[in-house]
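Trainee: Compact mmCIF, C-alpha atoms, file data_1.txt:
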# COMPACT_ATOMS: atom_id res chain seq x y z
CA MET T 1 53.82 83.94 122.50
CA LYS T 2 56.60 86.39 121.71
CA TYR T 3 55.04 89.45 123.27
CA PRO T 4 54.00 87.84 126.60
CA ARG T 5 57.52 86.40 126.83
CA ASN T 6 59.07 89.81 126.19
CA LEU T 7 56.75 91.30 128.76
CA TRP T 8 57.80 88.73 131.34
CA ILE T 9 61.49 89.37 130.58
CA SER T 10 60.96 93.12 130.97
CA PHE T 11 59.29 92.66 134.34
CA SER T 12 61.83 90.13 135.62
CA GLU T 13 64.81 92.33 134.67
CA GLN T 14 63.60 95.32 136.70
CA PRO T 15 63.72 94.85 140.49
CA PHE T 16 61.04 97.52 141.00
CA TYR T 17 58.47 95.15 139.48
CA LEU T 18 59.04 92.62 142.27
CA LEU T 19 56.61 94.78 144.25
CA LEU T 20 53.83 93.45 141.99
CA ALA T 21 53.68 90.53 144.41
CA PHE T 22 51.88 92.88 146.81
CA VAL T 23 48.92 93.27 144.42
CA PRO T 24 47.30 89.88 145.16
CA VAL T 25 48.37 90.09 148.81
CA THR T 26 46.57 93.42 149.17
CA LEU T 27 43.40 92.10 147.54
CA VAL T 28 43.42 89.05 149.81
CA GLY T 29 44.05 91.20 152.87
CA ARG T 30 41.16 93.49 151.99
CA TYR T 31 38.65 90.72 151.54
CA VAL T 32 39.65 88.68 154.58
CA ARG T 33 39.46 91.94 156.56
CA TRP T 34 42.99 92.44 157.83
CA SER T 35 43.51 95.61 159.87
CA GLY T 36 43.09 98.93 158.07
CA LEU T 37 46.71 99.92 158.71
CA VAL T 38 48.05 96.68 157.20
CA VAL T 39 45.83 96.89 154.11
CA PHE T 40 46.67 100.58 153.64
CA SER T 41 50.41 99.83 153.79
CA LEU T 42 50.10 96.89 151.39
CA SER T 43 48.07 98.94 148.92
CA ILE T 44 50.82 101.57 148.83
CA LEU T 45 53.42 98.94 147.97
CA ALA T 46 51.10 97.45 145.33
CA ILE T 47 50.33 100.73 143.57
CA MET T 48 54.00 101.72 143.14
CA PRO T 49 54.96 99.09 140.52
CA LEU T 50 51.62 99.55 138.74
CA ALA T 51 52.38 103.27 138.43
CA LYS T 52 55.72 102.37 136.87
CA ALA T 53 54.00 99.93 134.51
CA MET T 54 51.68 102.72 133.36
CA GLY T 55 54.65 104.96 132.78
CA ASP T 56 56.60 102.32 130.87
CA ALA T 57 53.58 101.48 128.72
CA THR T 58 53.01 105.16 127.93
CA GLU T 59 56.66 105.63 127.02
CA SER T 60 56.63 102.52 124.81
CA LEU T 61 53.62 103.93 122.94
CA ALA T 62 55.42 107.25 122.59
CA GLU T 63 58.20 105.48 120.71
CA TYR T 64 55.75 104.63 117.93
CA THR T 65 54.07 108.03 117.67
CA GLY T 66 56.94 110.47 117.18
CA PRO T 67 57.95 113.51 119.20
CA GLN T 68 54.74 115.56 119.00
CA VAL T 69 52.24 112.87 119.95
CA GLY T 70 54.78 111.26 122.26
CA SER T 71 55.21 114.48 124.19
CA LEU T 72 51.44 114.83 124.38
CA LEU T 73 51.03 111.27 125.71
CA ASN T 74 53.59 111.79 128.43
CA ALA T 75 52.24 115.23 129.26
CA THR T 76 48.76 113.83 129.83
CA LEU T 77 49.61 110.44 131.37
CA GLY T 78 52.82 111.26 133.22
CA ASN T 79 51.06 111.47 136.58
CA ALA T 80 48.15 109.17 135.75
CA ALA T 81 48.51 107.00 138.87
CA GLU T 82 48.33 109.98 141.18
CA LEU T 83 45.44 111.39 139.18
CA ILE T 84 43.50 108.16 139.66
CA ILE T 85 44.13 108.16 143.41
CA THR T 86 42.91 111.75 143.77
CA ILE T 87 39.82 111.09 141.63
CA VAL T 88 38.89 108.21 143.93
CA ALA T 89 39.47 110.50 146.92
CA ILE T 90 37.19 113.14 145.36
CA GLN T 91 34.44 110.55 145.01
CA ALA T 92 34.92 109.71 148.70
CA GLY T 93 34.58 113.39 149.64
CA LEU T 94 38.18 113.69 150.91
CA LEU T 95 38.76 117.10 149.33
CA GLU T 96 41.32 118.25 151.89
CA LEU T 97 43.34 115.12 151.17
CA VAL T 98 43.16 115.87 147.44
CA LYS T 99 44.35 119.45 147.89
CA ALA T 100 47.12 118.31 150.21
CA SER T 101 48.25 115.75 147.63
CA ILE T 102 48.50 118.50 144.99
CA THR T 103 50.86 120.63 147.06
CA GLY T 104 52.53 117.51 148.43
CA SER T 105 53.32 116.25 144.93
CA ILE T 106 55.03 119.50 144.02
CA ILE T 107 56.95 119.51 147.29
CA SER T 108 57.89 115.84 146.92
CA ASN T 109 59.17 116.27 143.36
CA LEU T 110 61.23 119.37 144.10
CA LEU T 111 62.63 118.28 147.47
CA LEU T 112 62.56 114.48 147.72
CA VAL T 113 62.99 113.45 144.07
CA LEU T 114 65.38 116.25 143.08
CA GLY T 115 67.13 116.17 146.45
CA GLY T 116 67.70 112.43 146.26
CA ALA T 117 69.04 112.71 142.70
CA VAL T 118 71.36 115.61 143.56
CA LEU T 119 72.66 113.83 146.69
CA VAL T 120 73.34 110.44 145.09
CA GLY T 121 74.61 111.96 141.85
CA GLY T 122 76.91 114.30 143.75
CA ILE T 123 78.35 111.48 145.84
CA HIS T 124 79.08 109.43 142.71
CA ASN T 125 80.22 112.20 140.35
CA GLY T 126 81.14 115.27 142.38
CA ILE T 127 79.93 118.60 141.01
CA GLN T 128 77.36 118.05 138.23
CA ARG T 129 76.21 120.53 135.63
CA PHE T 130 72.94 120.98 133.76
CA ASP T 131 71.31 123.45 131.36
CA ARG T 132 70.50 126.48 133.48
CA THR T 133 68.27 127.98 130.75
CA THR T 134 65.91 125.02 130.65
CA ALA T 135 65.95 124.66 134.44
CA GLY T 136 65.31 128.39 134.81
CA LEU T 137 62.29 128.24 132.50
CA SER T 138 60.85 125.34 134.49
CA ALA T 139 61.50 127.18 137.75
CA THR T 140 59.70 130.24 136.37
CA GLN T 141 56.73 128.04 135.47
CA MET T 142 56.66 126.79 139.04
CA VAL T 143 56.68 130.33 140.42
CA LEU T 144 53.72 131.09 138.15
CA ALA T 145 51.97 127.97 139.42
CA VAL T 146 52.47 129.03 143.03
CA ILE T 147 50.96 132.43 142.23
CA ALA T 148 47.97 130.74 140.60
CA LEU T 149 47.48 128.45 143.59
CA THR T 150 47.89 131.31 146.09
CA ILE T 151 45.59 133.99 144.64
CA PRO T 152 42.28 132.15 145.28
CA ALA T 153 43.34 131.43 148.87
CA LEU T 154 44.28 135.08 149.46
CA PHE T 155 40.95 136.14 147.99
CA TYR T 156 39.11 133.68 150.24
CA HIS T 157 40.85 134.88 153.40
CA SER T 158 40.64 138.60 152.65
CA MET T 159 37.16 138.95 151.14
CA PRO T 160 33.69 137.91 152.36
CA ARG T 161 33.48 134.13 152.13
CA ASN T 162 31.05 133.73 149.30
CA SER T 163 31.32 130.08 148.26
CA ILE T 164 29.87 130.69 144.80
CA VAL T 165 32.43 133.40 144.04
CA VAL T 166 35.24 131.19 145.34
CA GLU T 167 34.13 128.34 143.08
CA GLU T 168 33.90 130.65 140.07
CA LEU T 169 37.36 132.08 140.79
CA SER T 170 38.85 128.57 141.16
CA ILE T 171 37.34 127.49 137.83
CA SER T 172 38.56 130.66 136.10
CA VAL T 173 42.08 130.24 137.46
CA ALA T 174 42.01 126.56 136.43
CA VAL T 175 41.21 127.58 132.84
CA VAL T 176 44.17 129.97 132.77
CA MET T 177 46.50 127.35 134.26
CA MET T 178 45.53 124.73 131.68
CA ALA T 179 45.96 127.25 128.86
CA ILE T 180 49.47 128.07 130.07
CA TYR T 181 50.26 124.37 130.33
CA ALA T 182 49.02 123.76 126.78
CA LEU T 183 51.18 126.59 125.45
CA ASN T 184 54.15 125.28 127.43
CA LEU T 185 53.56 121.87 125.87
CA ILE T 186 53.51 123.39 122.37
CA PHE T 187 56.75 125.21 123.17
CA GLY T 188 58.34 121.96 124.32
CA MET T 189 57.18 120.06 121.23
CA LYS T 190 59.02 122.52 119.00
CA ASN T 191 62.23 121.92 120.93
CA GLY T 192 63.91 118.96 119.29
CA LYS T 193 66.52 118.72 122.04
CA HIS T 194 63.75 118.16 124.55
CA TRP T 195 62.55 115.03 122.73
CA GLU T 196 66.07 113.67 122.24
CA ALA T 197 66.82 114.19 125.93
CA TYR T 198 63.56 112.50 126.82
CA ARG T 199 64.41 109.45 124.70
CA GLU T 200 67.87 109.29 126.24
CA ALA T 201 66.40 109.45 129.74
CA LYS T 202 64.08 106.54 128.99
CA ALA T 203 66.69 104.43 127.24
CA GLY T 204 66.41 101.69 129.84
CA ILE T 205 62.64 101.19 129.76
CA PRO T 206 61.05 98.11 128.17
CA ARG T 207 60.30 98.27 124.45
CA TRP T 208 56.88 96.70 124.00
CA SER T 209 54.70 96.42 120.92
CA VAL T 210 51.72 98.75 120.64
CA GLY T 211 49.37 95.91 121.55
CA THR T 212 51.41 94.86 124.58
CA ALA T 213 51.72 98.44 125.78
CA LEU T 214 47.98 99.01 125.46
CA VAL T 215 47.21 95.82 127.39
CA VAL T 216 49.65 96.76 130.17
CA LEU T 217 48.23 100.29 130.28
CA PHE T 218 44.67 98.98 130.54
CA LEU T 219 45.40 96.35 133.21
CA ALA T 220 47.56 98.72 135.26
CA THR T 221 44.80 101.34 135.18
CA VAL T 222 42.15 98.83 136.28
CA PHE T 223 44.24 97.58 139.19
CA ILE T 224 45.28 101.09 140.26
CA VAL T 225 41.62 102.13 140.37
CA TRP T 226 40.78 99.02 142.39
CA LEU T 227 43.70 99.44 144.79
CA SER T 228 43.12 103.20 145.10
CA GLU T 229 39.57 102.52 146.29
CA ILE T 230 40.96 100.11 148.86
CA MET T 231 43.66 102.57 149.97
CA VAL T 232 41.28 105.51 150.26
CA GLY T 233 38.82 103.35 152.17
CA GLU T 234 41.49 102.53 154.75
CA ILE T 235 42.72 106.09 155.27
CA GLU T 236 40.49 106.84 158.23
CA PRO T 237 41.44 103.66 160.19
CA THR T 238 45.10 104.38 159.41
CA MET T 239 44.78 107.95 160.68
CA LYS T 240 43.30 106.69 163.93
CA ALA T 241 45.83 103.89 164.36
CA LEU T 242 48.90 106.08 163.79
CA GLY T 243 47.53 109.41 164.97
CA LEU T 244 48.19 110.97 161.57
CA SER T 245 46.30 113.90 160.09
CA GLU T 246 44.69 114.00 156.66
CA PHE T 247 47.19 116.72 155.79
CA PHE T 248 50.16 114.45 156.52
CA ILE T 249 48.83 111.58 154.41
CA GLY T 250 48.07 113.96 151.54
CA ILE T 251 51.33 115.89 151.74
CA ILE T 252 53.72 112.99 152.34
CA VAL T 253 52.22 109.54 151.74
CA VAL T 254 50.16 109.91 148.54
CA PRO T 255 52.89 111.80 146.59
CA ILE T 256 55.53 109.22 147.54
CA VAL T 257 53.28 106.48 146.15
CA GLY T 258 52.75 108.36 142.88
CA ASN T 259 56.36 109.54 142.49
CA ALA T 260 58.22 106.37 143.43
CA ALA T 261 58.96 105.35 139.84
CA GLU T 262 60.04 108.88 138.86
CA HIS T 263 62.27 109.03 141.93
CA PHE T 264 63.98 105.83 140.82
CA VAL T 265 64.56 107.12 137.26
CA ALA T 266 65.78 110.55 138.43
CA VAL T 267 68.34 109.02 140.80
CA THR T 268 69.48 106.54 138.13
CA MET T 269 70.07 109.36 135.64
CA ALA T 270 71.98 111.37 138.25
CA VAL T 271 74.27 108.41 138.96
CA LYS T 272 74.97 108.25 135.21
CA ASP T 273 75.92 111.96 135.39
CA LYS T 274 72.93 113.00 133.30
CA MET T 275 71.79 115.75 135.61
CA ASP T 276 69.86 117.60 132.88
CA LEU T 277 67.50 114.65 132.75
CA SER T 278 67.13 114.32 136.53
CA VAL T 279 66.34 118.02 136.89
CA GLY T 280 63.93 117.81 133.95
CA ILE T 281 62.05 114.87 135.50
CA ALA T 282 61.61 116.62 138.86
CA LEU T 283 60.69 120.06 137.52
CA GLY T 284 58.59 118.71 134.65
CA SER T 285 56.48 116.51 136.90
CA SER T 286 55.95 119.40 139.33
CA THR T 287 54.84 121.65 136.50
CA GLN T 288 52.41 119.01 135.26
CA ILE T 289 50.87 118.57 138.71
CA ALA T 290 50.46 122.31 139.24
CA LEU T 291 49.29 123.42 135.79
CA PHE T 292 47.48 120.34 134.50
CA VAL T 293 46.47 117.86 137.20
CA ALA T 294 45.28 120.46 139.75
CA PRO T 295 42.97 122.35 137.35
CA LEU T 296 41.78 119.09 135.79
CA LEU T 297 40.69 117.87 139.24
CA ILE T 298 38.70 121.10 139.65
CA PHE T 299 36.61 120.23 136.59
CA ILE T 300 36.35 116.53 137.45
CA SER T 301 34.98 117.38 140.91
CA LEU T 302 32.09 119.27 139.30
CA PHE T 303 30.79 115.99 137.88
CA ILE T 304 31.70 113.25 140.36
CA GLY T 305 32.33 114.86 143.72
CA PRO T 306 29.80 115.43 146.50
CA GLU T 307 31.22 118.99 146.61
CA PRO T 308 33.26 120.97 144.08
CA LEU T 309 36.99 121.18 144.65
CA THR T 310 38.39 124.69 145.04
CA LEU T 311 41.90 126.14 145.04
CA ILE T 312 41.62 127.21 148.68
CA PHE T 313 44.67 125.75 150.37
CA HIS T 314 45.68 125.79 154.02
CA PRO T 315 48.00 128.75 154.75
CA PHE T 316 50.74 126.39 155.94
CA GLU T 317 50.52 124.44 152.68
CA LEU T 318 51.12 127.64 150.73
CA ALA T 319 53.99 128.65 153.02
CA ALA T 320 55.63 125.23 152.57
CA LEU T 321 55.08 125.41 148.82
CA GLY T 322 56.60 128.88 148.62
CA ALA T 323 59.66 127.80 150.62
CA THR T 324 60.06 124.77 148.35
CA ILE T 325 59.97 126.82 145.16
CA LEU T 326 62.43 129.30 146.65
CA ILE T 327 65.15 126.79 147.51
CA ALA T 328 64.63 124.79 144.31
CA THR T 329 64.99 127.97 142.24
CA PHE T 330 68.21 128.93 144.03
CA ILE T 331 69.69 125.51 143.30
CA ALA T 332 68.53 125.47 139.66
CA GLN T 333 69.64 128.98 138.69
CA ASP T 334 73.42 128.41 138.67
CA GLY T 335 73.34 125.34 136.42
CA GLU T 336 75.33 123.07 138.72
CA SER T 337 74.76 120.91 141.78
CA ASN T 338 76.67 119.04 144.46
CA TRP T 339 75.78 116.48 147.12
CA MET T 340 75.48 119.14 149.84
CA GLU T 341 72.65 120.81 147.93
CA GLY T 342 70.92 117.43 147.88
CA VAL T 343 71.26 117.28 151.66
CA GLN T 344 69.73 120.76 151.90
CA LEU T 345 66.73 119.81 149.75
CA LEU T 346 66.13 116.62 151.71
CA GLY T 347 66.55 118.54 154.96
CA VAL T 348 63.82 120.99 153.97
CA PHE T 349 61.59 118.05 153.00
CA LEU T 350 62.16 116.48 156.42
CA ILE T 351 61.37 119.76 158.21
CA ILE T 352 58.14 120.22 156.23
CA GLY T 353 57.18 116.60 156.85
CA LEU T 354 57.72 116.98 160.60
CA ALA T 355 55.65 120.17 160.63
CA PHE T 356 52.73 118.44 158.90
CA PHE T 357 53.10 115.45 161.22
CA PHE T 358 52.46 117.70 164.21
CA LEU T 359 49.80 119.80 162.45
CA PRO T 360 46.40 118.92 163.94
As structure tokens, please, write out the structure in this file.

Mentor:
Amino acid sequence: MKYPRNLWISFSEQPFYLLLAFVPVTLVGRYVRWSGLVVFSLSILAIMPLAKAMGDATESLAEYTGPQVGSLLNATLGNAAELIITIVAIQAGLLELVKASITGSIISNLLLVLGGAVLVGGIHNGIQRFDRTTAGLSATQMVLAVIALTIPALFYHSMPRNSIVVEELSISVAVVMMAIYALNLIFGMKNGKHWEAYREAKAGIPRWSVGTALVVLFLATVFIVWLSEIMVGEIEPTMKALGLSEFFIGIIVVPIVGNAAEHFVAVTMAVKDKMDLSVGIALGSSTQIALFVAPLLIFISLFIGPEPLTLIFHPFELAALGATILIATFIAQDGESNWMEGVQLLGVFLIIGLAFFFLP
């Protein structure tokens, strides 16, 4: 009974896991047919701690595998909860929601997660410094990702709209993006400092046995799939009840659900004056979404979706993404941050959120 007891202690010591109480409440609400808005809201609260559980289980497994396999595990499962939600949305035919969640995740990580960490860390510690070389490399990767996400859209809007050509271009770009991500992963594996920094950042996570971690990972995945189906099924009633667009839910709501645990860790590290780690969490997750999750969804849609997913984004999405990368790069390039820069990042996030709220 040692491992279940350790698991219970781990959960009880982390306030974020108190949200697990919303899992049974959501399931009850769904099957007694509460309103769509209520069930949608409850499912969001229920998925958040399950996403953290997946992350903690993955990180516990990484402790037993060493730096190379550990980096690979976190590179592939770091955004697993969000990946599951978008796969369910693909099956439901909500492709615009999926594309909005891709850009929204990047925007959320670079503005909300990084902005919150910079603001809180700056208030607690004053001016904070981080490795500008590492941050600059990550920022360059994000610029490359924006180019990759923009080219198919520019092609679509400037050339005759041949759907077959657009699909072929999206698949080709996806292959290039995943190749770059794989090479970036290899580069990171050879950097010993990267692994040591990663272990330091995760010093407060539970330490579970391999068996316990696998069980948690399995159960969290099953419940996230179940709750994602419920959440996606209640999107349309929620849109009608609140007057929200599919863009807004994809850009703002879905990424917040998937990034809640990362946001918590990034802010915690910033308070501890470990800004290198906070910046790495925000930029690393954004890179993974852009260069791994997005192209992976392209291939997944070929097998399970009613229609194939393409990299044709709304012009305003691309404009918002470009503005996000621009301000994040400016803040990352000097190797230091202060609370006012956090305010600026959060301000841009609020402006973008308001614009998508009013976008029909």

Trainee: So that I can check the surroundings of Gly36 (chain T), please list as a count of residues only every protein, DNA and RNA residue that reaches within 10 Å of it, counting all atoms listed in the file and ignoring chain neighbours fewer than 4 positions away.

Mentor: 16

Trainee: List as a Markdown table every residue of region 136-180 of chain T that is in contact with region 92-113 of chain T, defined as an atom at most 10 Å from one of its atoms (using all atoms listed in the file), together with the nearest atom pair and the distance in Å rounded to one decimal, sorted by chain and then rising number.

Mentor:
| residue | atom | partner | partner_atom | distance |
| --- | --- | --- | --- | --- |
| T:Met142 | CA | T:Ile106 | CA | 9.0 |
| T:Val146 | CA | T:Thr103 | CA | 9.5 |
| T:Leu149 | CA | T:Thr103 | CA | 9.2 |

Trainee: Looking at only C-alpha atoms, which of T:Pro308, T:Gly243, T:Pro295, T:Gly322 is the one that sits closest to Leu37 (chain T)?

Mentor: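 The shortest atom-to-atom distance to Leu37 (chain T) comes from T:Gly243.
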
Trainee: Here is a test: counting only C-alpha atoms, which residue of T:Ala135, T:Val25, T:Leu227, T:Ile44 is nearest to Val253 (chain T)?

Mentor: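 Of T:Ala135, T:Val25, T:Leu227, T:Ile44, the one nearest Val253 (chain T), counting only C-alpha atoms, is T:Ile44.
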
Trainee: To one decimal place, how far is CA of Ile251 (chain T) from CA of Lys274 (chain T) in Å?

Mentor: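 For CA of Ile251 (chain T) relative to CA of Lys274 (chain T), the distance reads 28.5 Å.
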
Trainee: What are the closest atom pairs, with distances in Å to one decimal, for each residue of region 247-319 of chain T lying within 8 Å of region 342-359 of chain T, using all atoms listed in the file, rows by chain and rising residue number, as a tab-separated table?

Mentor:
residue	atom	partner	partner_atom	distance
T:Phe247	CA	T:Phe356	CA	6.6
T:Phe248	CA	T:Phe356	CA	5.3
T:Ile251	CA	T:Phe356	CA	7.7
T:Ile252	CA	T:Gly353	CA	6.7

Trainee: I need the chosen residues saved as a tab-separated table (two decimals), in the coordinates of the input, with C-alpha atoms.

Mentor:
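Output saved as again.tsv:
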chain	number	residue	atom	x	y	z
T	247	PHE	CA	47.19	116.72	155.79
T	248	PHE	CA	50.16	114.45	156.52
T	251	ILE	CA	51.33	115.89	151.74
T	252	ILE	CA	53.72	112.99	152.34

Trainee: Show which residues sit within 9 Å of Val279 (chain T), as number ranges by chain. Count only C-alpha atoms, and ignore same-chain residues fewer than 6 positions away.

Mentor: T: 110, 114, 117-118, 130, 135, 266, 270, 332

Trainee: Set the distance at 6 Å and use all atoms listed in the file: which residues neighbour Pro49 (chain T) once local chain neighbours fewer than 4 positions away are removed? I'd like the list as number ranges by chain.

Mentor: T: 17, 19-20

Trainee: From the set T:Met54, T:Val293, T:Leu277, T:Val267, which residue has the shortest atom-to-atom contact distance to Gly115 (chain T), counting all atoms listed in the file?

Mentor: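 Counting all atoms listed in the file, the residue closest to Gly115 (chain T) is T:Val267.
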
Trainee: If I take CA of Phe330 (chain T) and CA of Leu185 (chain T), how far is one from the other in Å, to one decimal?

Mentor: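 It comes out at 24.4 Å.
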
Trainee: Which of these residues is nearest to Gln91 (chain T), using all atoms listed in the file: T:Leu321, T:Leu45, T:Leu297, T:Ile256?

Mentor: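 Comparing T:Leu321, T:Leu45, T:Leu297, T:Ile256 against Gln91 (chain T), the winner is T:Leu297.
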
Trainee: Report the distance between CA of Pro24 (chain T) and CA of Leu244 (chain T) in Å, rounded to one decimal place.

Mentor: 26.7 Å

Trainee: Nearest to Ile325 (chain T): which of T:Ile249, T:Met275, T:Leu154, T:Leu283 is it, counting only C-alpha atoms?

Mentor: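 The shortest atom-to-atom distance to Ile325 (chain T) comes from T:Leu283.
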
Trainee: Ranking T:Val120, T:Gln128, T:Thr58, T:Ala323 by minimum distance to Phe264 (chain T) and counting only C-alpha atoms, which one comes first?

Mentor: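 Closest to Phe264 (chain T), using only C-alpha atoms: T:Val120.
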
Trainee: As a list in words, please: the residues near Val88 (chain T) (cut-off 8 Å, all atoms listed in the file, same-chain neighbours under 4 positions excluded).

Mentor: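 The residues that qualify are Ile84, Ala92, Val225, Ser228, Glu229 and Val232 of chain T.
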
Trainee: Using all atoms listed in the file - which residues lie no farther than 9 Å from the point (43.5, 127.5, 146.2) in the file's frame? Write them as a ChimeraX atom specification.

Mentor: /T:99,148-154,156,170,310-314,318
